[in-house]
$ cat input.tsv   # TSV, C-alpha atoms
chain	number	residue	atom	x	y	z
A	1	MET	CA	0.00	0.00	0.00
A	2	THR	CA	1.05	3.58	-0.45
A	3	THR	CA	1.92	5.91	2.39
A	4	LEU	CA	-1.14	7.42	4.03
A	5	ALA	CA	-1.77	11.03	3.11
A	6	PRO	CA	-2.92	13.53	5.71
A	7	ALA	CA	-6.71	13.78	5.97
A	8	ARG	CA	-8.85	16.53	7.32
A	9	ALA	CA	-9.65	16.36	11.01
A	10	SER	CA	-13.38	15.95	10.46
A	11	ALA	CA	-16.09	15.77	7.83
A	12	PRO	CA	-17.64	18.88	6.29
A	13	PRO	CA	-20.09	20.63	8.66
A	14	ARG	CA	-23.08	20.02	6.38
A	15	HIS	CA	-22.94	16.31	7.25
A	16	TRP	CA	-22.66	16.71	11.04
A	17	LEU	CA	-26.31	17.31	11.87
A	18	ALA	CA	-27.64	14.36	9.87
A	19	SER	CA	-24.95	12.09	11.34
A	20	ALA	CA	-25.65	13.31	14.87
A	21	LEU	CA	-29.38	12.66	14.46
A	22	ARG	CA	-28.73	9.17	13.08
A	23	ARG	CA	-26.39	8.41	15.95
A	24	LEU	CA	-28.94	9.57	18.51
A	25	LEU	CA	-31.72	7.58	16.83
A	26	TRP	CA	-29.82	4.30	16.82
A	27	TRP	CA	-28.26	4.80	20.26
A	28	VAL	CA	-31.72	5.29	21.75
A	29	THR	CA	-33.13	2.34	19.78
A	30	LEU	CA	-30.39	-0.08	20.86
A	31	THR	CA	-30.47	1.18	24.42
A	32	LEU	CA	-34.20	0.53	24.65
A	33	THR	CA	-33.89	-2.94	23.12
A	34	GLY	CA	-31.47	-4.11	25.79
A	35	GLY	CA	-28.39	-1.93	25.95
A	36	PHE	CA	-25.50	-0.59	23.92
A	37	GLN	CA	-21.81	-0.19	24.73
A	38	ARG	CA	-18.81	1.00	22.78
A	39	ARG	CA	-15.10	0.67	23.47
A	40	GLY	CA	-12.41	2.46	21.50
A	41	ARG	CA	-12.47	5.42	19.12
A	42	LEU	CA	-11.65	6.09	15.51
A	43	PRO	CA	-8.52	8.08	14.62
A	44	ARG	CA	-8.98	11.68	13.57
A	45	GLY	CA	-9.74	12.29	9.92
A	46	GLY	CA	-11.20	10.02	7.30
A	47	CYS	CA	-10.88	6.25	7.52
A	48	VAL	CA	-12.35	3.04	6.20
A	49	VAL	CA	-14.08	0.89	8.85
A	50	ILE	CA	-14.47	-2.85	8.34
A	51	ALA	CA	-16.69	-4.97	10.58
A	52	ASN	CA	-18.22	-8.43	10.88
A	53	HIS	CA	-21.76	-8.82	9.59
A	54	SER	CA	-24.46	-11.11	10.99
A	55	SER	CA	-27.52	-8.86	11.25
A	56	HIS	CA	-29.19	-5.76	9.82
A	57	ALA	CA	-28.70	-4.37	13.35
A	58	ASP	CA	-24.93	-4.17	12.64
A	59	THR	CA	-25.56	-0.96	10.71
A	60	ALA	CA	-27.46	0.54	13.65
A	61	ALA	CA	-24.67	-0.50	16.03
A	62	LEU	CA	-21.98	1.17	13.94
A	63	LEU	CA	-23.97	4.37	13.43
A	64	ALA	CA	-24.56	4.53	17.20
A	65	ALA	CA	-20.86	3.92	17.90
A	66	LEU	CA	-19.15	6.28	15.45
A	67	ASP	CA	-18.85	9.97	16.29
A	68	ALA	CA	-20.87	12.40	14.21
A	69	ARG	CA	-17.71	14.35	13.31
A	70	HIS	CA	-16.74	11.40	11.10
A	71	ALA	CA	-20.12	11.60	9.26
A	72	PRO	CA	-20.08	7.85	8.54
A	73	VAL	CA	-21.63	6.39	5.40
A	74	ILE	CA	-22.42	2.70	5.02
A	75	GLY	CA	-21.78	0.58	1.96
A	76	ALA	CA	-25.05	-1.27	1.21
A	77	ALA	CA	-25.94	-3.98	-1.28
A	78	ALA	CA	-27.31	-2.23	-4.36
A	79	ASP	CA	-29.41	-5.24	-5.41
A	80	TYR	CA	-31.28	-5.22	-2.07
A	81	TRP	CA	-31.28	-1.80	-0.42
A	82	PHE	CA	-31.52	0.19	-3.64
A	83	ALA	CA	-33.86	-2.13	-5.54
A	84	SER	CA	-36.98	-0.11	-4.68
A	85	PRO	CA	-37.67	3.56	-3.90
A	86	TRP	CA	-38.79	2.98	-0.29
A	87	ARG	CA	-35.77	0.84	0.57
A	88	ARG	CA	-33.52	3.42	-1.05
A	89	ARG	CA	-35.02	6.18	1.10
A	90	ILE	CA	-34.72	4.12	4.29
A	91	CYS	CA	-31.12	3.19	3.57
A	92	SER	CA	-29.92	6.65	2.56
A	93	ARG	CA	-31.78	8.68	5.17
A	94	LEU	CA	-31.64	6.44	8.23
A	95	ALA	CA	-28.29	4.78	7.58
A	96	GLY	CA	-26.41	7.16	5.30
A	97	GLY	CA	-26.08	4.26	2.88
A	98	PHE	CA	-24.60	4.29	-0.61
A	99	PRO	CA	-25.00	1.49	-3.19
A	100	VAL	CA	-22.30	-1.12	-3.78
A	101	ARG	CA	-22.89	-3.66	-6.54
A	102	ARG	CA	-22.30	-7.29	-5.64
A	103	ASP	CA	-22.51	-8.63	-9.20
A	104	GLY	CA	-19.68	-6.66	-10.76
A	105	GLY	CA	-18.55	-3.04	-10.54
A	106	GLY	CA	-18.44	-2.95	-6.75
A	107	VAL	CA	-14.83	-1.79	-6.60
A	108	ASN	CA	-15.65	1.22	-8.78
A	109	ASP	CA	-18.55	2.06	-6.45
A	110	LEU	CA	-16.13	2.05	-3.54
A	111	LEU	CA	-13.45	4.09	-5.27
A	112	ALA	CA	-16.04	6.77	-5.97
A	113	MET	CA	-15.99	7.44	-2.19
A	114	ALA	CA	-12.26	8.29	-2.11
A	115	ASP	CA	-12.85	12.05	-2.18
A	116	GLU	CA	-15.31	11.78	0.72
A	117	LEU	CA	-12.63	9.96	2.71
A	118	ARG	CA	-10.03	12.60	1.95
A	119	ALA	CA	-12.52	15.22	3.12
A	120	GLY	CA	-12.63	13.56	6.55
A	121	ARG	CA	-15.60	11.22	6.32
A	122	THR	CA	-15.69	7.57	7.35
A	123	VAL	CA	-16.80	4.80	5.01
A	124	VAL	CA	-18.11	1.66	6.71
A	125	LEU	CA	-17.92	-1.63	4.84
A	126	PHE	CA	-18.77	-5.25	5.58
A	127	PRO	CA	-16.02	-7.14	3.71
A	128	GLU	CA	-17.92	-10.44	3.89
A	129	GLY	CA	-20.46	-8.92	1.49
A	130	THR	CA	-23.49	-10.49	3.18
A	131	ARG	CA	-24.82	-11.43	6.58
A	132	ARG	CA	-23.52	-14.65	8.14
A	133	ALA	CA	-26.13	-16.66	10.07
A	134	ASP	CA	-23.88	-19.53	11.17
A	135	GLY	CA	-21.64	-17.59	13.57
A	136	GLU	CA	-18.60	-18.12	11.34
A	137	PHE	CA	-16.70	-15.43	9.43
A	138	GLY	CA	-16.78	-15.49	5.66
A	139	THR	CA	-14.01	-14.55	3.27
A	140	PHE	CA	-13.02	-10.87	3.38
A	141	HIS	CA	-12.96	-9.19	-0.04
A	142	ARG	CA	-10.21	-6.75	-0.98
A	143	GLY	CA	-12.44	-3.77	-1.77
A	144	ALA	CA	-11.98	-2.04	1.59
A	145	LEU	CA	-8.20	-2.34	1.41
A	146	VAL	CA	-8.13	-1.00	-2.13
A	147	LEU	CA	-10.29	1.97	-1.14
A	148	ALA	CA	-8.13	2.83	1.89
A	149	GLU	CA	-5.00	2.66	-0.24
A	150	GLU	CA	-6.49	4.81	-3.00
A	151	ALA	CA	-7.71	7.48	-0.57
A	152	GLY	CA	-4.62	7.33	1.62
A	153	VAL	CA	-6.55	6.81	4.87
A	154	PRO	CA	-6.33	4.24	7.69
A	155	LEU	CA	-8.19	0.94	7.66
A	156	VAL	CA	-9.84	0.38	11.06
A	157	PRO	CA	-11.19	-3.02	12.20
A	158	VAL	CA	-14.33	-3.17	14.37
A	159	GLY	CA	-15.90	-6.13	16.16
A	160	ILE	CA	-19.66	-6.26	16.83
A	161	ALA	CA	-21.32	-8.66	19.29
A	162	GLY	CA	-24.95	-9.20	20.22
A	163	THR	CA	-26.69	-8.05	17.05
A	164	ASP	CA	-27.27	-11.64	15.95
A	165	LYS	CA	-29.29	-12.11	19.15
A	166	VAL	CA	-31.16	-8.79	18.91
A	167	LEU	CA	-32.13	-9.18	15.25
A	168	PRO	CA	-31.22	-12.62	13.85
A	169	LYS	CA	-31.09	-13.16	10.12
A	170	HIS	CA	-34.68	-13.88	9.03
A	171	GLY	CA	-35.74	-13.51	12.69
A	172	ARG	CA	-37.69	-11.10	14.89
A	173	LEU	CA	-36.47	-8.27	17.08
A	174	ARG	CA	-35.49	-9.40	20.58
A	175	SER	CA	-33.97	-7.93	23.72
A	176	GLY	CA	-30.21	-8.05	24.11
A	177	VAL	CA	-27.06	-6.05	24.76
A	178	VAL	CA	-25.03	-4.92	21.74
A	179	ARG	CA	-21.32	-4.19	22.13
A	180	VAL	CA	-18.95	-2.57	19.63
A	181	ARG	CA	-15.15	-2.70	19.92
A	182	ILE	CA	-13.10	-0.34	17.75
A	183	GLY	CA	-9.54	-1.48	17.17
A	184	ALA	CA	-6.31	0.22	16.16
A	185	PRO	CA	-5.70	0.99	12.46
A	186	LEU	CA	-4.17	-1.86	10.50
A	187	PRO	CA	-0.68	-1.53	9.03
A	188	ALA	CA	-0.41	-0.42	5.42
A	189	ALA	CA	0.76	-3.88	4.33
A	190	ALA	CA	-2.29	-5.68	5.79
A	191	THR	CA	-3.92	-8.40	3.70
A	192	PRO	CA	-7.58	-9.47	3.65
A	193	GLU	CA	-6.61	-12.36	5.92
A	194	ASP	CA	-5.01	-9.92	8.39
A	195	ALA	CA	-8.14	-7.79	8.33
A	196	ARG	CA	-10.35	-10.81	8.93
A	197	ALA	CA	-8.21	-11.95	11.86
A	198	SER	CA	-8.28	-8.49	13.47
A	199	VAL	CA	-12.06	-8.18	13.17
A	200	ALA	CA	-12.52	-11.74	14.48
A	201	ALA	CA	-10.34	-10.99	17.53
A	202	LEU	CA	-12.30	-7.81	18.32
A	203	HIS	CA	-15.58	-9.66	17.87
A	204	ALA	CA	-14.42	-12.39	20.27
A	205	ARG	CA	-13.47	-9.81	22.90
A	206	ALA	CA	-16.80	-8.03	22.52
A	207	GLU	CA	-18.66	-11.34	22.71
A	208	ALA	CA	-16.80	-12.36	25.87
A	209	GLU	CA	-17.64	-9.04	27.49
A	210	ARG	CA	-21.29	-9.34	26.40
A	211	LYS	CA	-21.60	-12.56	28.38
A	212	ARG	CA	-20.40	-10.93	31.61
A	213	ASP	CA	-23.80	-10.61	33.17
A	214	SER	CA	-25.53	-11.64	36.38
A	215	GLY	CA	-27.31	-14.96	36.15
A	216	LEU	CA	-29.98	-13.68	38.52
A	217	ARG	CA	-30.55	-10.60	36.35
A	218	ARG	CA	-31.01	-12.82	33.32
A	219	ARG	CA	-33.56	-14.93	35.20
A	220	VAL	CA	-35.44	-11.81	36.29
A	221	SER	CA	-35.45	-10.65	32.66
A	222	SER	CA	-36.74	-14.04	31.51
A	223	VAL	CA	-39.62	-14.00	34.01
A	224	ILE	CA	-40.75	-10.43	33.37
A	225	ASN	CA	-40.58	-10.94	29.59
A	226	SER	CA	-42.65	-14.12	29.81
A	227	ARG	CA	-46.43	-14.26	29.48
A	228	TRP	CA	-46.69	-14.40	33.29
A	229	GLY	CA	-44.52	-11.37	34.03
A	230	ALA	CA	-47.27	-8.75	34.04
A	231	VAL	CA	-49.65	-11.12	35.86
A	232	LEU	CA	-47.21	-11.64	38.73
A	233	VAL	CA	-46.67	-7.89	39.13
A	234	PHE	CA	-50.45	-7.34	39.03
A	235	LEU	CA	-51.07	-9.97	41.73
A	236	TRP	CA	-48.35	-8.49	43.95
A	237	ALA	CA	-50.01	-5.06	43.73
A	238	VAL	CA	-53.44	-6.55	44.49
A	239	ALA	CA	-52.07	-8.35	47.54
A	240	GLU	CA	-50.33	-5.20	48.81
A	241	ALA	CA	-53.54	-3.21	48.57
A	242	LEU	CA	-55.23	-5.84	50.78
A	243	SER	CA	-52.67	-7.10	53.28
A	244	TRP	CA	-49.21	-7.88	51.84
A	245	PRO	CA	-46.60	-5.72	53.67
A	246	LEU	CA	-44.14	-5.18	50.81
A	247	ILE	CA	-44.95	-2.29	48.47
A	248	PRO	CA	-45.08	-2.79	44.66
A	249	GLU	CA	-42.30	-0.22	44.26
A	250	LEU	CA	-39.96	-2.99	45.40
A	251	LEU	CA	-40.71	-4.67	42.11
A	252	VAL	CA	-39.87	-1.47	40.27
A	253	ALA	CA	-36.48	-1.32	41.95
A	254	THR	CA	-35.86	-5.02	41.31
A	255	ILE	CA	-37.25	-5.50	37.81
A	256	VAL	CA	-36.92	-2.18	36.01
A	257	ILE	CA	-33.30	-1.68	37.06
A	258	ALA	CA	-32.60	-5.12	35.55
A	259	VAL	CA	-34.83	-4.76	32.47
A	260	PRO	CA	-35.33	-1.03	31.76
A	261	ARG	CA	-37.51	-1.64	28.72
A	262	SER	CA	-40.08	-3.37	30.96
A	263	ALA	CA	-40.84	-0.03	32.65
A	264	VAL	CA	-44.20	0.60	30.94
A	265	LYS	CA	-45.40	-2.98	31.47
A	266	VAL	CA	-44.43	-2.95	35.14
A	267	SER	CA	-45.90	0.49	35.78
A	268	LEU	CA	-49.26	-0.32	34.18
A	269	SER	CA	-49.46	-3.69	35.95
A	270	ILE	CA	-48.80	-2.08	39.34
A	271	VAL	CA	-51.42	0.62	38.85
A	272	ALA	CA	-53.99	-1.90	37.59
A	273	GLY	CA	-53.29	-4.25	40.51
A	274	THR	CA	-53.42	-1.41	43.03
A	275	LEU	CA	-56.81	-0.21	41.77
A	276	ALA	CA	-58.25	-3.74	41.63
A	277	GLY	CA	-56.97	-4.56	45.11
A	278	GLY	CA	-58.07	-1.19	46.46
A	279	LEU	CA	-61.61	-1.65	45.14
A	280	LEU	CA	-61.81	-5.18	46.58
A	281	GLY	CA	-60.42	-4.02	49.93
A	282	LEU	CA	-62.90	-1.15	50.02
A	283	GLN	CA	-65.82	-3.56	49.61
A	284	LEU	CA	-64.49	-6.00	52.20
A	285	ALA	CA	-63.96	-3.23	54.77
A	286	ALA	CA	-67.43	-1.83	54.11
A	287	ALA	CA	-68.83	-5.32	54.78
A	288	GLY	CA	-67.03	-5.46	58.13
A	289	ALA	CA	-64.15	-7.75	57.16
A	290	GLN	CA	-60.83	-7.00	58.83
A	291	LEU	CA	-57.82	-8.28	56.92
A	292	PRO	CA	-54.38	-8.72	58.53
A	293	ALA	CA	-52.26	-5.56	58.25
A	294	PRO	CA	-48.67	-6.40	59.25
A	295	LEU	CA	-46.12	-3.59	59.76
A	296	THR	CA	-48.84	-1.02	60.45
A	297	THR	CA	-49.64	0.87	63.65
A	298	ASP	CA	-52.68	2.36	65.40
A	299	ARG	CA	-51.31	5.83	64.77
A	300	MET	CA	-51.19	5.15	61.02
A	301	ARG	CA	-54.83	4.07	61.06
A	302	ALA	CA	-55.85	7.09	63.14
A	303	GLN	CA	-54.13	9.48	60.73
A	304	ALA	CA	-55.76	7.89	57.68
A	305	ARG	CA	-59.15	7.87	59.43
A	306	HIS	CA	-58.86	11.58	60.22
A	307	GLU	CA	-57.83	12.56	56.69
A	308	ILE	CA	-60.64	10.53	55.10
A	309	ALA	CA	-63.18	12.04	57.48
A	310	VAL	CA	-62.09	15.52	56.41
A	311	GLU	CA	-61.34	15.03	52.69
A	312	GLY	CA	-63.11	11.83	51.64
A	313	ALA	CA	-61.57	9.96	48.73
A	314	ASP	CA	-59.24	12.88	48.05
A	315	ALA	CA	-57.32	11.97	51.23
A	316	VAL	CA	-55.51	9.20	49.36
A	317	ARG	CA	-53.38	11.84	47.65
A	318	HIS	CA	-51.39	12.09	50.90
A	319	GLN	CA	-50.56	8.37	50.93
A	320	PRO	CA	-47.60	8.27	48.53
A	321	TRP	CA	-45.71	10.95	50.45
A	322	LYS	CA	-46.45	10.15	54.12
A	323	GLY	CA	-45.19	6.59	54.26
A	324	LEU	CA	-48.57	5.19	55.29
A	325	PRO	CA	-49.41	1.89	53.56
A	326	TYR	CA	-52.11	2.08	50.91
A	327	LYS	CA	-54.03	-0.76	52.58
A	328	VAL	CA	-54.50	1.42	55.69
A	329	TYR	CA	-56.25	4.07	53.62
A	330	VAL	CA	-58.28	1.38	51.82
A	331	ALA	CA	-59.54	-0.14	55.09
A	332	GLU	CA	-60.45	3.21	56.62
A	333	ALA	CA	-62.13	4.40	53.41
A	334	GLY	CA	-64.26	1.24	53.35
A	335	LYS	CA	-65.33	1.76	56.92
A	336	ALA	CA	-66.25	5.37	56.09
A	337	ASP	CA	-68.36	4.26	53.10
A	338	VAL	CA	-66.34	6.28	50.59
A	339	PRO	CA	-67.93	5.88	47.12
A	340	PRO	CA	-65.99	3.24	45.13
A	341	VAL	CA	-65.87	5.32	41.92
A	342	ASP	CA	-64.44	8.33	43.76
A	343	TRP	CA	-61.90	6.09	45.46
A	344	VAL	CA	-60.73	4.49	42.21
A	345	VAL	CA	-60.36	7.85	40.48
A	346	GLU	CA	-58.38	9.45	43.29
A	347	SER	CA	-56.27	6.33	43.79
A	348	ALA	CA	-55.43	6.26	40.10
A	349	LYS	CA	-54.16	9.83	40.26
A	350	ALA	CA	-52.22	9.45	43.51
A	351	ARG	CA	-50.73	6.00	43.03
A	352	GLY	CA	-50.40	6.34	39.28
A	353	SER	CA	-48.29	9.49	39.46
A	354	ARG	CA	-45.96	8.04	42.08
A	355	THR	CA	-45.58	4.73	40.26
A	356	ALA	CA	-44.90	6.44	36.93
A	357	MET	CA	-42.31	8.75	38.47
A	358	LEU	CA	-40.43	5.97	40.27
A	359	THR	CA	-40.59	3.65	37.27
A	360	ALA	CA	-39.16	6.33	34.97
A	361	LEU	CA	-36.41	7.06	37.50
A	362	PHE	CA	-35.35	3.42	37.79
A	363	ALA	CA	-35.62	2.92	34.02
A	364	VAL	CA	-33.18	5.77	33.40
A	365	LEU	CA	-30.90	4.46	36.14
A	366	GLY	CA	-31.05	0.98	34.64
A	367	LEU	CA	-30.11	2.30	31.20
A	368	LEU	CA	-27.16	4.24	32.61
A	369	LEU	CA	-25.88	1.26	34.63
A	370	GLN	CA	-26.17	-1.44	31.98
A	371	ARG	CA	-22.43	-1.96	31.79
A	372	PHE	CA	-22.48	-2.96	35.47
A	373	ARG	CA	-25.13	-5.68	35.10
A	374	ARG	CA	-22.80	-8.35	36.45
A	375	TRP	CA	-23.06	-6.66	39.87
A	376	TYR	CA	-26.85	-6.92	39.97
A	377	VAL	CA	-26.85	-9.14	43.06
A	378	GLY	CA	-24.73	-6.62	44.94
A	379	TYR	CA	-27.17	-3.88	43.98
A	380	LEU	CA	-30.07	-5.94	45.35
A	381	VAL	CA	-28.24	-6.51	48.66
A	382	VAL	CA	-27.56	-2.78	49.06
A	383	PHE	CA	-31.09	-1.83	48.06
A	384	ALA	CA	-32.62	-4.40	50.44
A	385	GLY	CA	-30.54	-2.97	53.28
A	386	VAL	CA	-31.59	0.60	52.50
A	387	PHE	CA	-35.23	-0.41	52.17
A	388	ALA	CA	-35.25	-2.32	55.48
A	389	TRP	CA	-33.65	0.63	57.24
A	390	SER	CA	-36.18	3.05	55.71
A	391	LEU	CA	-39.13	0.79	56.60
A	392	ALA	CA	-37.94	0.50	60.19
A	393	GLY	CA	-37.69	4.30	60.34
A	394	VAL	CA	-41.24	4.75	59.04
A	395	ILE	CA	-42.65	2.31	61.59
A	396	ARG	CA	-40.76	4.02	64.41
A	397	THR	CA	-42.08	7.40	63.26
A	398	TRP	CA	-45.70	6.21	63.32
A	399	SER	CA	-45.47	4.16	66.51
$ encode --input "input.tsv" --output "structure tokens"
Amino acid sequence: MTTLAPARASAPPRHWLASALRRLLWWVTLTLTGGFQRRGRLPRGGCVVIANHSSHADTAALLAALDARHAPVIGAAADYWFASPWRRRICSRLAGGFPVRRDGGGVNDLLAMADELRAGRTVVLFPEGTRRADGEFGTFHRGALVLAEEAGVPLVPVGIAGTDKVLPKHGRLRSGVVRVRIGAPLPAAATPEDARASVAALHARAEAERKRDSGLRRRVSSVINSRWGAVLVFLWAVAEALSWPLIPELLVATIVIAVPRSAVKVSLSIVAGTLAGGLLGLQLAAAGAQLPAPLTTDRMRAQARHEIAVEGADAVRHQPWKGLPYKVYVAEAGKADVPPVDWVVESAKARGSRTAMLTALFAVLGLLLQRFRRWYVGYLVVFAGVFAWSLAGVIRTWS
């Protein structure tokens, strides 16, 4: 190869905004589908990126990983992505794709990007030419090396792991963590076999890191994503509204921190269970039934009784912020013959707002802490200690 010529530090400004918006789009998408992590950075100036290819999600992973200042463009199969107007628009606008022929003339398509590289942009190519569904690497074609040599820019290997689980070839979208490892530029004398070996090594390192996860967190994820996940959360909330001493927000802190994308499901299940349990508890209390109420005190009941006598159903708005269990308000409201419709409406506003706020908070925290998933058990131990200490403080306060 020839000696690399100096390249501009970054792509022309007109490309920055579109690249930044694409990066944000795909970072958010991958984060919501299970998590996204990147290690390493590209060198300054234009370069050719080569990566392994097992899923359409590889393009999203690379666009989320590469800085907008590089204004990356992706080489895409002309016979697939540019075969119809709607695919062409999707590929060019959402992925910054340009057509590369696979049936002859592909090298000329690549060489046409040499000026863009010299101007500071990054061209991303999949040297295998197609997605691999068997987990093995295919033969790397020479096109990327020829383009880097012609433009006088570095050739940078990248390994991608997890996309074959998130979006398998001919499969459906699933939850999973995607990791991208950016390596050091290859030497000028690198061969296609050298490039393949470098990408394979980076992929193996990314794959090994992807598997560093807590077994308990994975089991929690499996349960909440199953058909019974929402039902279990619903039943917990029903039981807490009647007698169960552990608040549904414990599930938020346990489940949503482990599976942030379950936030909406968990939140809706908690609110639905709370309202169903509250309505049932109201009817039972009105009929004279007295359910067990562990970890409650006479002072708690007296406070709830006083507030309901003064404000009626609207008194439940104090519950989320005073530390009094919801079941205490339910029992006292039933005894006071509070209208069920009024109670459900006010409970939905009070409990719904608190649940939504806490769920959003833990979802954001879970997204930010995804790289530390292997320490999930430690988090649960710390949280359980803090919760027990807080609960003991509340009981002491109302004793």
$ atom_distance --input "input.tsv" --atom1 "CA of Pro292 (chain A)" --atom2 "CA of Ser399 (chain A)"
17.6 Å
$ closest_residue --input "input.tsv" --among "A:Ala60, A:Ala83, A:Leu17, A:Leu268" --to "Ala356 (chain A)" --atoms "only C-alpha atoms"
A:Leu268
$ closest_residue --input "input.tsv" --among "A:Gly106, A:Gly366, A:Pro168, A:Gly281" --to "Ser55 (chain A)" --atoms "only C-alpha atoms"
A:Pro168
$ closest_atom_pairs --input "input.tsv" --of "region 52-127 of chain A" --to "region 28-39 of chain A" --cutoff "12 Å" --atoms "all atoms listed in the file" --output "JSON lines"
{"residue": "A:Ala57", "atom": "CA", "partner": "A:Leu30", "partner_atom": "CA", "distance": 8.8}
{"residue": "A:Asp58", "atom": "CA", "partner": "A:Leu30", "partner_atom": "CA", "distance": 10.7}
{"residue": "A:Thr59", "atom": "CA", "partner": "A:Leu30", "partner_atom": "CA", "distance": 11.3}
{"residue": "A:Ala60", "atom": "CA", "partner": "A:Leu30", "partner_atom": "CA", "distance": 7.8}
{"residue": "A:Ala61", "atom": "CA", "partner": "A:Leu30", "partner_atom": "CA", "distance": 7.5}
{"residue": "A:Leu62", "atom": "CA", "partner": "A:Arg38", "partner_atom": "CA", "distance": 9.4}
{"residue": "A:Leu63", "atom": "CA", "partner": "A:Leu30", "partner_atom": "CA", "distance": 10.8}
{"residue": "A:Ala64", "atom": "CA", "partner": "A:Leu30", "partner_atom": "CA", "distance": 8.3}
{"residue": "A:Ala65", "atom": "CA", "partner": "A:Arg38", "partner_atom": "CA", "distance": 6.0}
{"residue": "A:Leu66", "atom": "CA", "partner": "A:Arg38", "partner_atom": "CA", "distance": 9.0}
{"residue": "A:Asp67", "atom": "CA", "partner": "A:Arg38", "partner_atom": "CA", "distance": 11.1}
$ atom_distance --input "input.tsv" --atom1 "CA of Lys335 (chain A)" --atom2 "CA of Ala285 (chain A)"
5.6 Å
$ closest_residue --input "input.tsv" --among "A:Pro99, A:Thr296, A:Asp194, A:Val264" --to "Leu246 (chain A)" --atoms "only C-alpha atoms"
A:Thr296
$ atom_distance --input "input.tsv" --atom1 "CA of Arg88 (chain A)" --atom2 "CA of Asp164 (chain A)"
23.6 Å
$ closest_atom_pairs --input "input.tsv" --of "region 250-301 of chain A" --to "region 231-241 of chain A" --cutoff "8 Å" --atoms "only C-alpha atoms" --output "JSON lines"
{"residue": "A:Leu251", "atom": "CA", "partner": "A:Val233", "partner_atom": "CA", "distance": 7.4}
{"residue": "A:Val266", "atom": "CA", "partner": "A:Val233", "partner_atom": "CA", "distance": 6.7}
{"residue": "A:Ser269", "atom": "CA", "partner": "A:Phe234", "partner_atom": "CA", "distance": 4.9}
{"residue": "A:Ile270", "atom": "CA", "partner": "A:Ala237", "partner_atom": "CA", "distance": 5.4}
{"residue": "A:Val271", "atom": "CA", "partner": "A:Ala237", "partner_atom": "CA", "distance": 7.6}
{"residue": "A:Ala272", "atom": "CA", "partner": "A:Phe234", "partner_atom": "CA", "distance": 6.6}
{"residue": "A:Gly273", "atom": "CA", "partner": "A:Phe234", "partner_atom": "CA", "distance": 4.5}
{"residue": "A:Thr274", "atom": "CA", "partner": "A:Ala237", "partner_atom": "CA", "distance": 5.0}
{"residue": "A:Leu275", "atom": "CA", "partner": "A:Val238", "partner_atom": "CA", "distance": 7.7}
{"residue": "A:Ala276", "atom": "CA", "partner": "A:Val238", "partner_atom": "CA", "distance": 6.3}
{"residue": "A:Gly277", "atom": "CA", "partner": "A:Val238", "partner_atom": "CA", "distance": 4.1}
{"residue": "A:Gly278", "atom": "CA", "partner": "A:Ala241", "partner_atom": "CA", "distance": 5.4}
{"residue": "A:Gly281", "atom": "CA", "partner": "A:Ala241", "partner_atom": "CA", "distance": 7.1}
$ closest_residue --input "input.tsv" --among "A:Arg179, A:Ser84, A:Gly162, A:Pro294" --to "Arg371 (chain A)" --atoms "all atoms listed in the file"
A:Arg179
$ closest_residue --input "input.tsv" --among "A:Pro85, A:Leu25, A:Val156, A:Arg93" --to "Val49 (chain A)" --atoms "all atoms listed in the file"
A:Val156
$ closest_residue --input "input.tsv" --among "A:Gln303, A:Ser267, A:Ser214, A:Ser390" --to "Arg373 (chain A)" --atoms "only C-alpha atoms"
A:Ser214
$ build_atoms --input "input.tsv" --residues "region 385-393 of chain A" --atoms "N, CA and C atoms" --output "compact mmCIF listing (two decimals), in the coordinates of the input"
# COMPACT_ATOMS: atom_id res chain seq x y z
N GLY A 385 -30.96 -3.57 52.02
CA GLY A 385 -30.54 -2.97 53.28
C GLY A 385 -31.11 -1.58 53.48
N VAL A 386 -31.06 -0.77 52.42
CA VAL A 386 -31.59 0.60 52.50
C VAL A 386 -33.09 0.57 52.72
N PHE A 387 -33.78 -0.33 52.03
CA PHE A 387 -35.23 -0.41 52.17
C PHE A 387 -35.62 -0.84 53.58
N ALA A 388 -34.94 -1.86 54.12
CA ALA A 388 -35.25 -2.32 55.48
C ALA A 388 -35.02 -1.22 56.50
N TRP A 389 -33.95 -0.49 56.33
CA TRP A 389 -33.65 0.63 57.24
C TRP A 389 -34.72 1.71 57.14
N SER A 390 -35.14 2.03 55.92
CA SER A 390 -36.18 3.05 55.71
C SER A 390 -37.52 2.59 56.30
N LEU A 391 -37.87 1.32 56.07
CA LEU A 391 -39.13 0.79 56.60
C LEU A 391 -39.14 0.83 58.12
N ALA A 392 -38.02 0.46 58.73
CA ALA A 392 -37.94 0.50 60.19
C ALA A 392 -38.11 1.94 60.69
N GLY A 393 -37.55 2.89 59.96
CA GLY A 393 -37.69 4.30 60.34
C GLY A 393 -39.11 4.77 60.26
